[in-house]
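Shown next, in structure tokens, is the structure this report addresses.
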Amino acid sequence: MNLDFSFYNWDLISNFVLKGLYFSLVLTVVATIGGVLFGTVLALMRLSGKKWLEVPATIYVNGMRSIPLVMVILWFFLLVPAIIGRPIGAEMSAVITFIAFEAAYFSEIMRAGIQSIPKGQVHAGQALGMTYGQNMKLVVLPQAFRNMLPVLLTQTIILFQDTSLVYAIGAYDMLKGFEVAGKNFGRPIEAYLAAAVLYFAMCFALSWMVKRLHQKIAIIR
């Protein structure tokens, strides 16, 4: 097996890889923001103490966490167009699916972070006459978010890695960009190797940054 990476140049990267990298990054950012927002709502529902809120949130979170992401992507991509009667596109399908799926994982992170706040601070807010929503918004969530930040960022890195699964529905992500380049130049093995190296380099750098952030937060505490 003779490996030859000489076909890689800036034109190839700009024409094939950067387009896919852009979509992977956008999907990661949008899914993280949407997942954190939806996950926070799910976490608050599970901690509300009201069965009519707690039960559906628990079923949703446990159900999503029990299904492989690639299956959710395929189900949504294939079933939703059949239900609504029109296609929604691979990219939009990926965005909606990732938000819905990642919300279940972010929900557990948010719930653990909220529960890590001492009960005394919650009681202090109640003693000042704060409602449940005010207590969460002004007292609990700001502190919980700081505690959860390294874990949230770690989950975001995992989310970025999982974006490669949209390959299953034909969305043009970073992996797809490398695959197309490899096929055009007859070098699929080199293309997949280069994709693996780039994924590793990006995720390793991000993981190192998260570790440094975790150390700084620990010092502040």
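Ligands are numbered from 1 in the order shown, chains are lettered A, B, ... in the order of the structure tokens, and residues start at 1 in each chain.
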
**Study point:** Filtered DSSP result for range 11-188 of chain A, state alpha helix (DSSP H), as number ranges by chain
**Key:** A: 11-12, 18-47, 51-65, 69-84, 90-115, 119-127, 132-135, 141-162, 174-184, 188

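The list of residues with at least one atom within 10 Å of Thr28 in chain A, based on only C-alpha atoms and without residues fewer than 3 positions apart in the same chain, reads Tyr22, Phe23, Ser24, Leu25, Ala31, Thr32, Ile33, Gly34, Val95, Phe98, Ile99, Thr156, Ile157, Ile158, Leu159, Phe160, Gln161, Asp162 and Thr163 of chain A.
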
Using only C-alpha atoms, determine which residues lie at most 10 Å from Arg65 in chain A, disregarding the query and same-chain residues fewer than 4 positions distant; provide the list as a PDB file with N, CA, C and O atoms, in the first residue's frame.
```pdb
ATOM      1  N   ILE A  59     -39.349  10.532  30.857  1.00  0.00           N
ATOM      2  CA  ILE A  59     -39.533   9.581  29.755  1.00  0.00           C
ATOM      3  C   ILE A  59     -38.739  10.032  28.527  1.00  0.00           C
ATOM      4  O   ILE A  59     -38.071   9.234  27.858  1.00  0.00           O
ATOM      5  N   TYR A  60     -38.786  11.330  28.233  1.00  0.00           N
ATOM      6  CA  TYR A  60     -38.073  11.863  27.069  1.00  0.00           C
ATOM      7  C   TYR A  60     -36.562  11.680  27.217  1.00  0.00           C
ATOM      8  O   TYR A  60     -35.900  11.177  26.304  1.00  0.00           O
ATOM      9  N   VAL A  61     -36.024  12.075  28.382  1.00  0.00           N
ATOM     10  CA  VAL A  61     -34.579  12.007  28.592  1.00  0.00           C
ATOM     11  C   VAL A  61     -34.094  10.565  28.557  1.00  0.00           C
ATOM     12  O   VAL A  61     -33.132  10.234  27.851  1.00  0.00           O
ATOM     13  N   LEU A  69     -27.648   7.593  18.399  1.00  0.00           N
ATOM     14  CA  LEU A  69     -27.887   8.833  17.677  1.00  0.00           C
ATOM     15  C   LEU A  69     -28.110   8.585  16.194  1.00  0.00           C
ATOM     16  O   LEU A  69     -28.972   9.228  15.577  1.00  0.00           O
ATOM     17  N   PHE A 101     -31.734  15.427  20.399  1.00  0.00           N
ATOM     18  CA  PHE A 101     -30.994  14.332  21.023  1.00  0.00           C
ATOM     19  C   PHE A 101     -30.053  14.834  22.115  1.00  0.00           C
ATOM     20  O   PHE A 101     -30.019  14.291  23.226  1.00  0.00           O
ATOM     21  N   GLU A 102     -29.295  15.875  21.812  1.00  0.00           N
ATOM     22  CA  GLU A 102     -28.317  16.363  22.773  1.00  0.00           C
ATOM     23  C   GLU A 102     -28.975  16.999  23.991  1.00  0.00           C
ATOM     24  O   GLU A 102     -28.374  17.047  25.070  1.00  0.00           O
ATOM     25  N   ALA A 103     -30.204  17.477  23.842  1.00  0.00           N
ATOM     26  CA  ALA A 103     -30.912  18.065  24.981  1.00  0.00           C
ATOM     27  C   ALA A 103     -31.038  17.069  26.125  1.00  0.00           C
ATOM     28  O   ALA A 103     -30.988  17.451  27.302  1.00  0.00           O
ATOM     29  N   ALA A 104     -31.184  15.787  25.789  1.00  0.00           N
ATOM     30  CA  ALA A 104     -31.300  14.766  26.834  1.00  0.00           C
ATOM     31  C   ALA A 104     -30.017  14.670  27.651  1.00  0.00           C
ATOM     32  O   ALA A 104     -30.059  14.506  28.881  1.00  0.00           O
ATOM     33  N   TYR A 105     -28.873  14.782  27.003  1.00  0.00           N
ATOM     34  CA  TYR A 105     -27.591  14.695  27.709  1.00  0.00           C
ATOM     35  C   TYR A 105     -27.287  15.987  28.457  1.00  0.00           C
ATOM     36  O   TYR A 105     -26.827  15.961  29.603  1.00  0.00           O
TER      37      TYR A 105
END
```

Practice item. Please provide the set of residues having any atom within 12 Å of range 119-134 of chain A, restricted to only C-alpha atoms, with same-chain residues fewer than 6 positions apart removed, written as a list of chain:residue names. Key: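 Once the adjacent positions are removed, what remains is A:Val41, A:Leu44, A:Met45, A:Leu47, A:Ser48, A:Gly49, A:Val140, A:Leu141, A:Pro142, A:Gln143, A:Ala144.
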
Practice item. Report the distance between CA of Val30 in chain A and CA of Phe145 in chain A in Å, rounded to one decimal place. Key: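 Separation of CA of Val30 in chain A and CA of Phe145 in chain A: 18.3 Å.
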
Review point. Looking at A:Asn147, A:Gln115, A:Ser164, A:Thr58, which one is nearest to Ala94 in chain A, with distances taken over only C-alpha atoms?
Key: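 Closest candidate: A:Ser164.
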
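Take the candidates A:Leu37, A:Ile109, A:Leu42, A:Val197 and check each one against Pro150 in chain A using only C-alpha atoms; the shortest distance goes to A:Ile109.
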
Check your understanding: What is the distance, in Å and to one decimal place, between CA of Pro118 in chain A and CA of Ala43 in chain A?
Key ->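 If I compute the distance from CA of Pro118 in chain A to CA of Ala43 in chain A, I get 17.1 Å.
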
Review point. With only C-alpha atoms as the atoms that count, which of A:Leu21, A:Leu152, A:Val80, A:Leu12 lies nearest to Leu175 in chain A?
Key: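 Closest to Leu175 in chain A of all the choices is A:Leu21.
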
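The gap separating CA of Gly85 in chain A from CA of Leu27 in chain A is 25.0 Å, in Å to one decimal.
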
Exercise for review: Show which residues sit within 9 Å of Ile73 in chain A, as an MDAnalysis selection string. Count only C-alpha atoms, and ignore same-chain residues fewer than 6 positions away.
Suggested key: chainID A and resid 93:94 97:98 165:166 168:169

May I have the residues from that selection written out with all heavy atoms, as a PDB file, in the first residue's frame?
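Once everything was written out, this is part37.pdb:
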```pdb
ATOM      1  N   SER A  93     -32.648  18.523   8.838  1.00  0.00           N
ATOM      2  CA  SER A  93     -32.948  17.324   9.608  1.00  0.00           C
ATOM      3  C   SER A  93     -31.865  17.056  10.647  1.00  0.00           C
ATOM      4  O   SER A  93     -32.161  16.698  11.789  1.00  0.00           O
ATOM      5  CB  SER A  93     -33.073  16.119   8.670  1.00  0.00           C
ATOM      6  OG  SER A  93     -33.340  14.940   9.391  1.00  0.00           O
ATOM      7  N   ALA A  94     -30.608  17.262  10.260  1.00  0.00           N
ATOM      8  CA  ALA A  94     -29.500  17.043  11.193  1.00  0.00           C
ATOM      9  C   ALA A  94     -29.553  18.034  12.349  1.00  0.00           C
ATOM     10  O   ALA A  94     -29.343  17.659  13.514  1.00  0.00           O
ATOM     11  CB  ALA A  94     -28.169  17.169  10.448  1.00  0.00           C
ATOM     12  N   THR A  97     -32.501  17.141  14.709  1.00  0.00           N
ATOM     13  CA  THR A  97     -32.217  15.883  15.401  1.00  0.00           C
ATOM     14  C   THR A  97     -31.166  16.070  16.481  1.00  0.00           C
ATOM     15  O   THR A  97     -31.316  15.559  17.601  1.00  0.00           O
ATOM     16  CB  THR A  97     -31.744  14.814  14.398  1.00  0.00           C
ATOM     17  OG1 THR A  97     -32.731  14.635  13.388  1.00  0.00           O
ATOM     18  CG2 THR A  97     -31.497  13.494  15.099  1.00  0.00           C
ATOM     19  N   PHE A  98     -30.107  16.787  16.185  1.00  0.00           N
ATOM     20  CA  PHE A  98     -29.038  16.972  17.163  1.00  0.00           C
ATOM     21  C   PHE A  98     -29.525  17.770  18.366  1.00  0.00           C
ATOM     22  O   PHE A  98     -29.156  17.466  19.506  1.00  0.00           O
ATOM     23  CB  PHE A  98     -27.831  17.649  16.512  1.00  0.00           C
ATOM     24  CG  PHE A  98     -26.802  16.691  16.008  1.00  0.00           C
ATOM     25  CD1 PHE A  98     -26.995  15.996  14.821  1.00  0.00           C
ATOM     26  CD2 PHE A  98     -25.645  16.450  16.722  1.00  0.00           C
ATOM     27  CE1 PHE A  98     -26.050  15.095  14.359  1.00  0.00           C
ATOM     28  CE2 PHE A  98     -24.689  15.557  16.270  1.00  0.00           C
ATOM     29  CZ  PHE A  98     -24.887  14.869  15.089  1.00  0.00           C
ATOM     30  N   LEU A 165     -21.782  11.604  11.992  1.00  0.00           N
ATOM     31  CA  LEU A 165     -22.857  10.637  11.745  1.00  0.00           C
ATOM     32  C   LEU A 165     -23.867  11.148  10.727  1.00  0.00           C
ATOM     33  O   LEU A 165     -24.650  10.363  10.191  1.00  0.00           O
ATOM     34  CB  LEU A 165     -23.567  10.299  13.060  1.00  0.00           C
ATOM     35  CG  LEU A 165     -22.723   9.561  14.110  1.00  0.00           C
ATOM     36  CD1 LEU A 165     -23.524   9.356  15.392  1.00  0.00           C
ATOM     37  CD2 LEU A 165     -22.247   8.210  13.572  1.00  0.00           C
ATOM     38  N   VAL A 166     -23.894  12.461  10.467  1.00  0.00           N
ATOM     39  CA  VAL A 166     -24.832  12.970   9.464  1.00  0.00           C
ATOM     40  C   VAL A 166     -24.442  12.482   8.072  1.00  0.00           C
ATOM     41  O   VAL A 166     -25.209  12.642   7.111  1.00  0.00           O
ATOM     42  CB  VAL A 166     -24.910  14.513   9.482  1.00  0.00           C
ATOM     43  CG1 VAL A 166     -25.358  15.001  10.850  1.00  0.00           C
ATOM     44  CG2 VAL A 166     -23.576  15.147   9.094  1.00  0.00           C
ATOM     45  N   ALA A 168     -24.605   9.600   7.291  1.00  0.00           N
ATOM     46  CA  ALA A 168     -25.582   8.554   6.991  1.00  0.00           C
ATOM     47  C   ALA A 168     -26.768   9.060   6.182  1.00  0.00           C
ATOM     48  O   ALA A 168     -27.421   8.281   5.484  1.00  0.00           O
ATOM     49  CB  ALA A 168     -26.084   7.924   8.298  1.00  0.00           C
ATOM     50  N   ILE A 169     -27.071  10.365   6.251  1.00  0.00           N
ATOM     51  CA  ILE A 169     -28.205  10.905   5.495  1.00  0.00           C
ATOM     52  C   ILE A 169     -27.740  11.819   4.355  1.00  0.00           C
ATOM     53  O   ILE A 169     -28.537  12.522   3.750  1.00  0.00           O
ATOM     54  CB  ILE A 169     -29.173  11.674   6.420  1.00  0.00           C
ATOM     55  CG1 ILE A 169     -28.455  12.810   7.160  1.00  0.00           C
ATOM     56  CG2 ILE A 169     -29.836  10.725   7.404  1.00  0.00           C
ATOM     57  CD1 ILE A 169     -29.390  13.673   7.997  1.00  0.00           C
TER      58      ILE A 169
END
```

Check your understanding: Nearest to Tyr172 in chain A: which of A:Phe38, A:Phe185, A:Phe16, A:Phe200 is it, counting only C-alpha atoms?
Key -> A:Phe16
